[in-house]
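This is structure.cif. It holds mmCIF, C-alpha atoms.
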data_run
loop_
_atom_site.label_atom_id
_atom_site.label_comp_id
_atom_site.auth_asym_id
_atom_site.auth_seq_id
_atom_site.Cartn_x
_atom_site.Cartn_y
_atom_site.Cartn_z
CA MET A 885 0.00 0.00 0.00
CA THR A 886 1.37 3.42 -0.99
CA ALA A 887 2.10 5.61 2.03
CA GLU A 888 0.13 8.85 2.22
CA PRO A 889 2.05 12.14 1.89
CA ARG A 890 2.85 14.06 5.07
CA ILE A 891 1.61 17.64 4.89
CA VAL A 892 2.75 20.57 7.05
CA ARG A 893 1.10 23.98 6.74
CA ASP A 894 3.14 27.20 7.15
CA ALA A 895 6.34 25.16 7.26
CA GLU A 896 9.53 26.60 8.73
CA LEU A 897 12.49 26.03 6.38
CA GLN A 898 15.38 27.55 8.32
CA HIS A 899 16.49 24.12 9.49
CA ARG A 900 16.00 22.63 6.03
CA ASN A 901 18.69 24.68 4.31
CA THR A 902 22.36 24.45 5.24
CA PHE A 903 22.82 28.23 5.12
CA GLY A 904 20.39 28.37 8.05
CA VAL A 905 18.55 31.27 6.40
CA ALA A 906 15.06 31.99 7.69
CA ALA A 907 12.32 31.06 5.22
CA ARG A 908 8.80 29.66 5.29
CA ALA A 909 6.60 27.77 2.84
CA PRO A 910 2.80 27.82 2.79
CA TRP A 911 2.88 24.01 2.53
CA LEU A 912 5.54 21.32 2.86
CA VAL A 913 4.58 17.96 1.36
CA SER A 914 6.82 14.95 2.09
CA ILE A 915 6.44 11.78 -0.01
CA ASP A 916 8.26 8.54 0.82
CA ASP A 917 6.95 6.47 -2.10
CA ALA A 918 7.30 8.04 -5.53
CA ALA A 919 4.29 6.01 -6.69
CA ALA A 920 2.18 8.47 -4.70
CA LEU A 921 3.32 11.42 -6.80
CA PRO A 922 0.65 11.40 -9.54
CA ARG A 923 -2.21 11.37 -7.05
CA ALA A 924 -0.53 13.91 -4.76
CA LEU A 925 -0.15 16.28 -7.69
CA ARG A 926 -3.87 16.08 -8.44
CA THR A 927 -5.08 16.66 -4.89
CA GLY A 928 -4.16 18.76 -1.88
CA PRO A 929 -1.56 21.55 -1.78
CA LEU A 930 0.43 20.28 -4.79
CA ASN A 931 -2.60 20.60 -7.06
CA ASP A 932 -1.73 24.28 -7.57
CA GLY A 933 1.83 23.44 -8.58
CA ILE A 934 5.21 22.97 -6.96
CA ALA A 935 7.19 26.06 -6.03
CA LEU A 936 10.32 24.13 -5.07
CA THR A 937 11.54 20.56 -4.70
CA LEU A 938 13.69 20.33 -1.59
CA GLY A 939 16.41 17.78 -0.95
CA GLY A 940 19.00 18.32 1.75
CA GLY A 941 18.87 22.09 1.26
CA SER A 942 22.62 22.15 0.71
CA ASN A 943 22.61 23.76 -2.71
CA LEU A 944 20.20 26.66 -2.42
CA LEU A 945 19.96 30.15 -1.01
CA PHE A 946 16.61 31.51 0.15
CA VAL A 947 16.42 35.19 -0.69
CA GLY A 948 12.64 35.07 -0.41
CA ASP A 949 10.00 32.60 0.69
CA PRO A 950 8.74 30.00 -1.81
CA THR A 951 5.46 31.28 -3.24
CA GLY A 952 3.76 27.89 -3.22
CA ALA A 953 3.97 24.34 -1.95
CA VAL A 954 7.39 22.76 -1.37
CA LEU A 955 7.84 19.08 -2.18
CA GLU A 956 10.23 16.76 -0.37
CA LEU A 957 10.89 13.29 -1.79
CA SER A 958 11.92 11.50 1.37
CA GLY A 959 12.21 7.83 0.33
CA ARG A 960 15.47 6.22 1.46
CA ARG A 961 15.55 2.75 -0.09
CA ILE A 962 18.78 1.34 -1.55
CA ALA A 963 18.84 -1.85 -3.64
CA THR A 964 21.47 -3.68 -5.68
CA LEU A 965 19.83 -4.61 -8.98
CA GLY A 966 22.57 -6.73 -10.50
CA GLY A 967 25.35 -5.89 -12.91
CA ASP A 968 28.20 -7.71 -14.55
CA GLY A 969 31.58 -8.98 -13.45
CA GLU A 970 33.06 -5.49 -13.43
CA HIS A 971 30.18 -3.34 -12.14
CA ALA A 972 27.20 -3.52 -9.84
CA ILE A 973 24.04 -1.52 -10.54
CA VAL A 974 22.82 0.10 -7.34
CA ARG A 975 19.54 2.03 -7.16
CA ALA A 976 18.90 4.64 -4.48
CA ASP A 977 15.77 6.67 -3.76
CA ALA A 978 16.04 10.43 -4.16
CA GLY A 979 15.83 11.03 -0.41
CA VAL A 980 18.88 8.96 0.51
CA ILE A 981 21.55 11.13 2.13
CA TRP A 982 24.44 11.31 -0.32
CA HIS A 983 27.26 10.66 2.15
CA GLU A 984 25.37 7.71 3.63
CA PHE A 985 25.03 6.27 0.12
CA VAL A 986 28.76 6.68 -0.52
CA MET A 987 29.63 4.88 2.71
CA HIS A 988 27.03 2.16 2.00
CA SER A 989 28.58 1.50 -1.42
CA LEU A 990 32.07 1.26 0.07
CA ALA A 991 30.81 -1.13 2.76
CA GLN A 992 29.45 -3.33 -0.03
CA GLY A 993 32.92 -3.54 -1.57
CA LEU A 994 32.07 -1.18 -4.43
CA ALA A 995 34.38 1.60 -5.56
CA GLY A 996 34.21 4.86 -7.45
CA LEU A 997 32.47 7.29 -5.10
CA GLU A 998 35.23 7.59 -2.50
CA ASN A 999 36.36 11.03 -3.74
CA LEU A 1000 32.78 12.28 -3.34
CA ALA A 1001 32.52 11.44 0.37
CA LEU A 1002 31.03 13.98 2.78
CA ILE A 1003 29.39 16.11 0.09
CA PRO A 1004 26.16 17.35 1.69
CA GLY A 1005 22.76 16.76 0.12
CA THR A 1006 20.74 13.86 -1.23
CA VAL A 1007 21.05 11.30 -4.01
CA GLY A 1008 18.21 12.94 -5.94
CA ALA A 1009 20.06 16.24 -6.08
CA SER A 1010 23.39 14.73 -7.16
CA PRO A 1011 22.74 14.49 -10.91
CA ILE A 1012 21.10 17.93 -11.09
CA GLN A 1013 24.31 19.69 -10.16
CA ASN A 1014 26.54 16.89 -11.45
CA ILE A 1015 28.29 17.08 -8.10
CA GLY A 1016 32.04 16.68 -8.15
CA ALA A 1017 35.12 16.87 -5.95
CA TYR A 1018 38.77 15.88 -5.98
CA GLY A 1019 38.88 15.02 -9.68
CA VAL A 1020 35.66 12.96 -9.81
CA GLU A 1021 32.14 13.84 -10.98
CA VAL A 1022 28.98 11.87 -10.31
CA ARG A 1023 28.30 11.58 -14.04
CA ASP A 1024 31.20 9.10 -14.18
CA PHE A 1025 28.97 6.60 -12.35
CA VAL A 1026 25.34 7.47 -13.12
CA HIS A 1027 23.71 4.57 -14.98
CA ALA A 1028 20.21 6.03 -15.21
CA VAL A 1029 17.97 8.65 -13.63
CA GLU A 1030 14.30 7.98 -12.92
CA ALA A 1031 12.03 11.03 -12.99
CA PHE A 1032 8.39 12.09 -13.12
CA GLU A 1033 7.25 14.95 -15.34
CA PRO A 1034 4.28 16.70 -13.70
CA ALA A 1035 3.20 18.63 -16.80
CA SER A 1036 2.72 15.50 -18.91
CA GLY A 1037 2.09 12.99 -16.14
CA GLN A 1038 4.81 10.80 -17.68
CA TRP A 1039 7.50 8.74 -16.02
CA HIS A 1040 10.95 8.92 -17.60
CA ARG A 1041 14.14 6.93 -17.42
CA PHE A 1042 17.20 8.82 -18.67
CA ASP A 1043 20.39 6.95 -19.43
CA ASN A 1044 23.70 8.68 -18.81
CA ALA A 1045 23.90 10.32 -22.23
CA ALA A 1046 20.32 11.60 -22.00
CA CYS A 1047 21.17 13.41 -18.74
CA GLU A 1048 23.31 15.84 -20.80
CA PHE A 1049 25.90 16.18 -18.09
CA ALA A 1050 28.43 19.02 -18.16
CA TYR A 1051 30.57 20.75 -15.54
CA ARG A 1052 28.18 21.37 -12.60
CA ASP A 1053 25.32 21.08 -15.06
CA SER A 1054 22.73 18.70 -16.52
CA ARG A 1055 19.43 18.70 -18.38
CA PHE A 1056 17.73 18.75 -14.97
CA LYS A 1057 19.51 21.94 -13.93
CA GLN A 1058 18.73 23.55 -17.27
CA SER A 1059 15.01 22.78 -16.74
CA PRO A 1060 14.80 23.02 -12.93
CA ASP A 1061 11.03 22.62 -12.61
CA ARG A 1062 10.31 20.17 -15.40
CA TYR A 1063 11.33 16.85 -13.82
CA LEU A 1064 11.09 15.39 -10.33
CA ILE A 1065 13.99 12.99 -9.84
CA THR A 1066 12.69 10.02 -7.85
CA ALA A 1067 15.68 7.63 -7.93
CA VAL A 1068 19.14 7.23 -9.42
CA GLU A 1069 20.91 4.07 -10.58
CA PHE A 1070 24.68 3.92 -10.33
CA ALA A 1071 27.12 1.61 -12.11
CA LEU A 1072 29.82 1.11 -9.49
CA PRO A 1073 33.04 -0.77 -10.22
CA ARG A 1074 33.95 -3.78 -8.14
CA ALA A 1075 37.67 -3.07 -8.58
CA PRO A 1076 38.94 0.40 -7.60
CA ALA A 1077 40.73 2.77 -9.98
CA LEU A 1078 41.85 5.26 -7.37
CA LYS A 1079 42.37 8.93 -8.20
CA LEU A 1080 44.98 10.23 -5.80
CA ASP A 1081 46.65 13.12 -7.62
CA TYR A 1082 44.15 15.86 -6.81
CA ALA A 1083 44.02 18.47 -4.05
CA GLY A 1084 46.33 16.81 -1.58
CA ILE A 1085 44.77 13.35 -1.32
CA GLY A 1086 48.15 11.65 -1.70
CA GLU A 1087 49.67 13.87 0.98
CA GLU A 1088 46.76 13.21 3.32
CA LEU A 1089 47.14 9.45 2.88
CA ALA A 1090 50.85 9.73 3.62
CA ALA A 1091 50.08 11.72 6.77
CA MET A 1092 47.66 8.95 7.76
CA GLY A 1093 50.46 6.39 7.32
CA VAL A 1094 48.66 4.66 4.44
CA SER A 1095 51.06 3.17 1.91
CA ALA A 1096 48.59 0.87 0.12
CA PRO A 1097 45.38 2.90 -0.21
CA THR A 1098 41.96 1.38 -0.68
CA SER A 1099 38.68 3.02 -1.64
CA ARG A 1100 37.80 3.31 2.04
CA THR A 1101 41.09 4.91 3.07
CA VAL A 1102 40.77 7.38 0.17
CA ALA A 1103 37.28 8.24 1.45
CA ASP A 1104 38.75 8.71 4.94
CA ALA A 1105 41.39 11.05 3.51
CA VAL A 1106 38.76 13.06 1.61
CA ILE A 1107 36.61 13.30 4.74
CA ALA A 1108 39.58 14.57 6.75
CA ILE A 1109 40.44 17.20 4.12
CA ARG A 1110 36.85 18.39 3.81
CA ARG A 1111 36.42 18.64 7.58
CA ARG A 1112 39.58 20.68 7.83
CA LYS A 1113 38.86 23.01 4.92
CA LEU A 1114 35.07 23.35 4.91
CA PRO A 1115 32.95 24.50 7.86
CA ASP A 1116 30.34 22.13 9.25
CA PRO A 1117 26.91 23.55 8.28
CA ALA A 1118 25.59 22.40 11.67
CA LEU A 1119 28.01 24.85 13.30
CA LEU A 1120 28.38 27.58 10.68
CA GLY A 1121 25.75 27.99 7.97
CA ASN A 1122 27.06 27.48 4.44
CA ALA A 1123 26.32 25.72 1.16
CA GLY A 1124 29.83 24.50 0.43
CA SER A 1125 31.46 26.03 -2.63
CA PHE A 1126 29.30 28.99 -3.61
CA PHE A 1127 30.94 29.69 -6.98
CA LYS A 1128 31.74 27.44 -9.91
CA ASN A 1129 35.26 27.38 -11.26
CA PRO A 1130 35.10 29.53 -14.41
CA ILE A 1131 35.82 28.08 -17.84
CA VAL A 1132 37.68 30.47 -20.16
CA ALA A 1133 39.36 30.35 -23.54
CA ALA A 1134 42.87 28.95 -23.51
CA ALA A 1135 44.26 32.23 -24.87
CA GLN A 1136 42.70 34.21 -22.02
CA ALA A 1137 44.08 31.76 -19.46
CA GLU A 1138 47.56 32.04 -20.96
CA ALA A 1139 47.41 35.83 -20.84
CA LEU A 1140 46.34 35.76 -17.21
CA LEU A 1141 49.02 33.22 -16.34
CA ALA A 1142 51.68 35.48 -17.84
CA GLN A 1143 50.50 38.25 -15.51
CA TYR A 1144 49.82 36.02 -12.49
CA PRO A 1145 52.24 33.05 -12.62
CA ALA A 1146 50.92 31.57 -9.34
CA MET A 1147 47.36 31.31 -10.66
CA PRO A 1148 46.18 27.67 -10.88
CA VAL A 1149 45.05 26.68 -14.37
CA PHE A 1150 43.52 23.34 -15.33
CA ARG A 1151 42.70 21.81 -18.69
CA GLY A 1152 39.12 22.33 -19.79
CA ALA A 1153 36.75 19.96 -21.54
CA ASP A 1154 38.71 20.43 -24.78
CA ALA A 1155 42.02 21.82 -26.00
CA ASP A 1156 40.58 25.30 -26.49
CA THR A 1157 39.38 25.88 -22.92
CA ARG A 1158 40.87 26.10 -19.45
CA LYS A 1159 39.38 25.92 -15.97
CA LEU A 1160 40.47 28.53 -13.45
CA SER A 1161 40.31 28.32 -9.66
CA ALA A 1162 37.49 30.53 -8.42
CA ALA A 1163 38.91 30.21 -4.91
CA TRP A 1164 42.26 31.66 -6.04
CA LEU A 1165 40.61 34.53 -7.90
CA ILE A 1166 38.44 35.42 -4.90
CA ASP A 1167 41.34 35.13 -2.47
CA ALA A 1168 43.47 37.34 -4.70
CA CYS A 1169 40.77 39.99 -4.45
CA GLY A 1170 41.08 39.90 -0.67
CA TRP A 1171 37.77 38.31 0.29
CA LYS A 1172 38.88 35.33 2.36
CA GLY A 1173 37.75 35.87 5.95
CA HIS A 1174 35.74 38.98 5.03
CA ARG A 1175 32.63 39.67 7.10
CA ASP A 1176 29.73 42.09 6.76
CA GLY A 1177 27.59 41.63 9.83
CA ASP A 1178 26.65 37.95 9.86
CA ALA A 1179 27.31 37.43 6.14
CA GLY A 1180 30.88 36.44 5.42
CA VAL A 1181 33.48 34.39 3.59
CA SER A 1182 35.16 31.48 5.32
CA ALA A 1183 38.63 32.23 6.65
CA ALA A 1184 39.65 28.72 5.61
CA HIS A 1185 38.29 28.63 2.04
CA ALA A 1186 37.52 31.61 -0.18
CA LEU A 1187 34.84 29.71 -2.13
CA VAL A 1188 32.63 29.27 0.91
CA LEU A 1189 30.14 31.96 1.91
CA VAL A 1190 29.03 31.61 5.52
CA ASN A 1191 26.17 32.72 7.74
CA HIS A 1192 27.52 33.64 11.16
CA GLY A 1193 24.05 33.38 12.64
CA GLY A 1194 21.56 35.98 11.56
CA ALA A 1195 22.37 36.80 7.93
CA SER A 1196 19.46 37.03 5.55
CA GLY A 1197 19.52 35.49 2.12
CA LEU A 1198 19.56 38.98 0.61
CA GLN A 1199 22.67 39.91 2.62
CA LEU A 1200 24.47 36.78 1.46
CA LEU A 1201 23.42 37.39 -2.14
CA ASP A 1202 24.62 40.99 -1.97
CA LEU A 1203 28.01 39.81 -0.69
CA ALA A 1204 28.24 37.19 -3.45
CA ARG A 1205 27.46 39.78 -6.10
CA ARG A 1206 30.16 42.13 -4.80
CA ILE A 1207 32.69 39.29 -4.82
CA ALA A 1208 31.82 38.43 -8.42
CA GLU A 1209 32.00 42.09 -9.47
CA SER A 1210 35.49 42.45 -7.97
CA VAL A 1211 36.77 39.33 -9.74
CA LEU A 1212 35.34 40.58 -13.04
CA ALA A 1213 36.87 44.02 -12.56
CA ARG A 1214 40.35 42.71 -11.76
CA PHE A 1215 40.65 39.63 -13.97
CA ALA A 1216 37.90 40.11 -16.61
CA VAL A 1217 36.58 36.69 -15.59
CA ALA A 1218 32.93 36.09 -14.74
CA ILE A 1219 32.18 33.70 -11.88
CA GLU A 1220 28.73 32.20 -11.34
CA PRO A 1221 27.01 30.73 -8.28
CA GLU A 1222 26.55 27.00 -7.81
CA PRO A 1223 23.48 27.11 -5.52
CA ARG A 1224 19.97 27.69 -6.76
CA ILE A 1225 18.80 31.14 -5.66
CA VAL A 1226 15.16 31.20 -4.54
CA GLY A 1227 13.33 34.51 -4.63
CA ALA A 1228 15.80 36.57 -6.67
CA ARG A 1229 17.87 36.60 -9.86
CA TRP A 1230 21.62 36.43 -9.92
#
Represent the supplied structure as structure tokens.
Amino acid sequence: MTAEPRIVRDAELQHRNTFGVAARAPWLVSIDDAAALPRALRTGPLNDGIALTLGGGSNLLFVGDPTGAVLELSGRRIATLGGDGEHAIVRADAGVIWHEFVMHSLAQGLAGLENLALIPGTVGASPIQNIGAYGVEVRDFVHAVEAFEPASGQWHRFDNAACEFAYRDSRFKQSPDRYLITAVEFALPRAPALKLDYAGIGEELAAMGVSAPTSRTVADAVIAIRRRKLPDPALLGNAGSFFKNPIVAAAQAEALLAQYPAMPVFRGADADTRKLSAAWLIDACGWKGHRDGDAGVSAAHALVLVNHGGASGLQLLDLARRIAESVLARFAVAIEPEPRIVGARW
């Protein structure tokens, strides 16, 4: 029997976003079983439409209150569907906590997701942003995405190619209100192919005394690095990296590198593009550790905007805009936010 949705009127959302910004929704509808979606969308608060689909709240900034009902897909089932000798296909409901899924996969002897440990949020949100860290992106392991399209009433199953993944992007991010992701299938390798040459993972393993790393010890190293560099949202409100690393033409990157030899530059998706470090650009403009009232920039990582307690979404957005303007003025490079901004335009 399909479980009935849980409905809360005038729902408080401050504790449902990792920035800890005050916000309220006229309705919050939580659904454990995706099979209940079609009926829920025809009756009750969702009948007038969905203002926002909420996962872990780790990739959004409330600048205003949602104007309608907020939907939470809260199912947390994980199942191994099969696979071949090299990979296992593992399906997880949208509401599964991402880090818990990573650790579950490692406990099952499956590899691949170790570099993505401790990223906040849910499984359902992971393909939208094409989350990535330490040289790995989730698109490397997505087998298929299951989604419901409210406008047509149709269920969809998108294979990896159909997800149209790009750097911190996907077809779901490009059409943020079109599809409701209900579950994701992952093809996880049984034998690890460890990526250790990014952002100090090798050095962290050496400091841990690990000479023969495994997927689990790599995850432990990533967790240690993230805990050291990124503030815990439970203690200091934040949404992780606020800005995407900008992609520029190779010629522009070379010109900047000639002027700023210490600037990190990475190869882009093709030979004609380069990826720059947004953190370096922001730090070079003097923003690390900056604070305006309760809106600030982490003293440990220039990419992380923080709420010291009582900052509003508008105050954080204003700070982010000023940071971006300063980077553009100094380097002629545009940086864009990663989180979804609710209630305002960038």
Quick one: residues within 8 Å of A:Phe903, all atoms listed in the file, excluding same-chain residues fewer than 2 positions away - as a PyMOL selection string?
chain A and resi 901+905+942+945+1117+1120-1123+1190-1191
Of the residues A:Glu1069, A:Ala906, A:Ile891, A:Cys1047, which is the one nearest to A:Leu965, using only C-alpha atoms?
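The answer is A:Glu1069, which sits nearest to A:Leu965.
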Nearest residue to A:Gly1005 from the set A:His1174, A:Arg961, A:Lys1079, A:Arg900 (distances using all atoms listed in the file):
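Under the stated criterion, the closest residue is A:Arg900.
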Need to verify the contact set: A:Gly996, 7 Å, all atoms listed in the file, exclusion of same-chain residues closer than 4 positions in sequence. Can you return it as a PyMOL selection string?
chain A and resi 1072-1073+1076
Would you put the residues from that selection into a file with C-alpha atoms, as a PDB file, in the coordinates of the input?
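Heads up, here's the output in out33.pdb:
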ATOM      1  CA  LEU A1072      29.820   1.110  -9.490  1.00  0.00           C
ATOM      2  CA  PRO A1073      33.040  -0.770 -10.220  1.00  0.00           C
ATOM      3  CA  PRO A1076      38.940   0.400  -7.600  1.00  0.00           C
TER       4      PRO A1076
END
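Minimum distance to A:His988 across A:Ile962, A:Ala1135, A:Ala1186, A:Ala1031 (counting all atoms listed in the file) occurs at A:Ile962.
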Matched chain/residue IDs from the PyMOL selection byres ((chain A and resi 1220) around 8), as a PyMOL selection string:
chain A and resi 1127-1128+1130+1208+1218-1219+1221-1222
Smallest atom-to-atom distance to A:Leu1198: which of A:Ile1131, A:Met1147, A:Val947, A:Leu930, using all atoms listed in the file?
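Once distances to A:Leu1198 are computed over all atoms listed in the file, the minimum belongs to A:Val947.
Once the PyMOL selection byres ((chain A and resi 1176) around 10) is applied to this file, the selection holds His1174, Arg1175, Gly1177, Asp1178, Ala1179, Gly1180, Val1181, His1192, Ala1195, Gln1199, Leu1200 and Leu1203 of chain A.
Nearest-residue note for A:Arg1112: choosing from A:Ala995, A:Ala972, A:Leu1002, A:Leu925, the minimum distance belongs to A:Leu1002, counting all atoms listed in the file.
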For a quick check of your reading of the model, name the residues lying within 10 Å of the coordinate (42.4, 30.2, -8.7), counting only C-alpha atoms, and write them as a PyMOL selection string.
chain A and resi 1129-1130+1146-1150+1159-1168+1186
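The shortest atom-to-atom distance to A:Pro1034, with all atoms listed in the file taken into account, belongs to A:Ala924 out of A:Ala924, A:Ile1015, A:Val974, A:Leu1080.
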Give me, please, the distance in Å between atom CA of A:Ser1182 and atom CA of A:Leu1119, quoted to one decimal.
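Value for the atom CA of A:Ser1182-atom CA of A:Leu1119 distance: 12.6 Å.
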Quick one: what's the axis-aligned box for stretch 912-927 of chain A, all listed atoms, 3 Å on every side, centre and edges in Å to one decimal, as AutoDock Vina command-line options?
--center_x 1.6 --center_y 13.7 --center_z -3.3 --size_x 19.3 --size_y 21.3 --size_z 18.4
Pairwise distance for atom CA of A:Pro1115 and atom CA of A:Val1102, rounded to one decimal in Å
20.3 Å
For stretch 948-961 of chain A of the block above, can you save N, CA and C atoms as a PDB file, in the first residue's frame?
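Contents of the output file selection.pdb:
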ATOM      1  N   GLY A 948      14.040  34.825  -0.711  1.00  0.00           N
ATOM      2  CA  GLY A 948      12.641  35.071  -0.408  1.00  0.00           C
ATOM      3  C   GLY A 948      11.958  33.745  -0.110  1.00  0.00           C
ATOM      4  N   ASP A 949      10.749  33.813   0.400  1.00  0.00           N
ATOM      5  CA  ASP A 949       9.995  32.597   0.691  1.00  0.00           C
ATOM      6  C   ASP A 949       9.471  31.972  -0.599  1.00  0.00           C
ATOM      7  N   PRO A 950       9.415  30.643  -0.678  1.00  0.00           N
ATOM      8  CA  PRO A 950       8.743  30.001  -1.807  1.00  0.00           C
ATOM      9  C   PRO A 950       7.290  30.473  -1.876  1.00  0.00           C
ATOM     10  N   THR A 951       6.807  30.711  -3.073  1.00  0.00           N
ATOM     11  CA  THR A 951       5.465  31.279  -3.242  1.00  0.00           C
ATOM     12  C   THR A 951       4.364  30.230  -3.246  1.00  0.00           C
ATOM     13  N   GLY A 952       4.746  28.961  -3.214  1.00  0.00           N
ATOM     14  CA  GLY A 952       3.756  27.888  -3.218  1.00  0.00           C
ATOM     15  C   GLY A 952       4.258  26.705  -2.430  1.00  0.00           C
ATOM     16  N   ALA A 953       3.641  25.556  -2.700  1.00  0.00           N
ATOM     17  CA  ALA A 953       3.972  24.340  -1.954  1.00  0.00           C
ATOM     18  C   ALA A 953       5.386  23.861  -2.269  1.00  0.00           C
ATOM     19  N   VAL A 954       6.058  23.356  -1.235  1.00  0.00           N
ATOM     20  CA  VAL A 954       7.386  22.765  -1.367  1.00  0.00           C
ATOM     21  C   VAL A 954       7.255  21.257  -1.239  1.00  0.00           C
ATOM     22  N   LEU A 955       7.894  20.541  -2.156  1.00  0.00           N
ATOM     23  CA  LEU A 955       7.845  19.082  -2.178  1.00  0.00           C
ATOM     24  C   LEU A 955       9.157  18.501  -1.690  1.00  0.00           C
ATOM     25  N   GLU A 956       9.058  17.503  -0.833  1.00  0.00           N
ATOM     26  CA  GLU A 956      10.229  16.762  -0.367  1.00  0.00           C
ATOM     27  C   GLU A 956      10.021  15.289  -0.695  1.00  0.00           C
ATOM     28  N   LEU A 957      10.910  14.734  -1.522  1.00  0.00           N
ATOM     29  CA  LEU A 957      10.888  13.295  -1.793  1.00  0.00           C
ATOM     30  C   LEU A 957      11.795  12.633  -0.771  1.00  0.00           C
ATOM     31  N   SER A 958      11.190  11.933   0.183  1.00  0.00           N
ATOM     32  CA  SER A 958      11.919  11.495   1.371  1.00  0.00           C
ATOM     33  C   SER A 958      12.201   9.997   1.422  1.00  0.00           C
ATOM     34  N   GLY A 959      11.913   9.266   0.339  1.00  0.00           N
ATOM     35  CA  GLY A 959      12.211   7.832   0.328  1.00  0.00           C
ATOM     36  C   GLY A 959      13.695   7.557   0.467  1.00  0.00           C
ATOM     37  N   ARG A 960      14.055   6.497   1.195  1.00  0.00           N
ATOM     38  CA  ARG A 960      15.470   6.220   1.457  1.00  0.00           C
ATOM     39  C   ARG A 960      15.836   4.761   1.219  1.00  0.00           C
ATOM     40  N   ARG A 961      15.231   4.158   0.209  1.00  0.00           N
ATOM     41  CA  ARG A 961      15.551   2.754  -0.089  1.00  0.00           C
ATOM     42  C   ARG A 961      16.790   2.667  -0.987  1.00  0.00           C
TER      43      ARG A 961
END
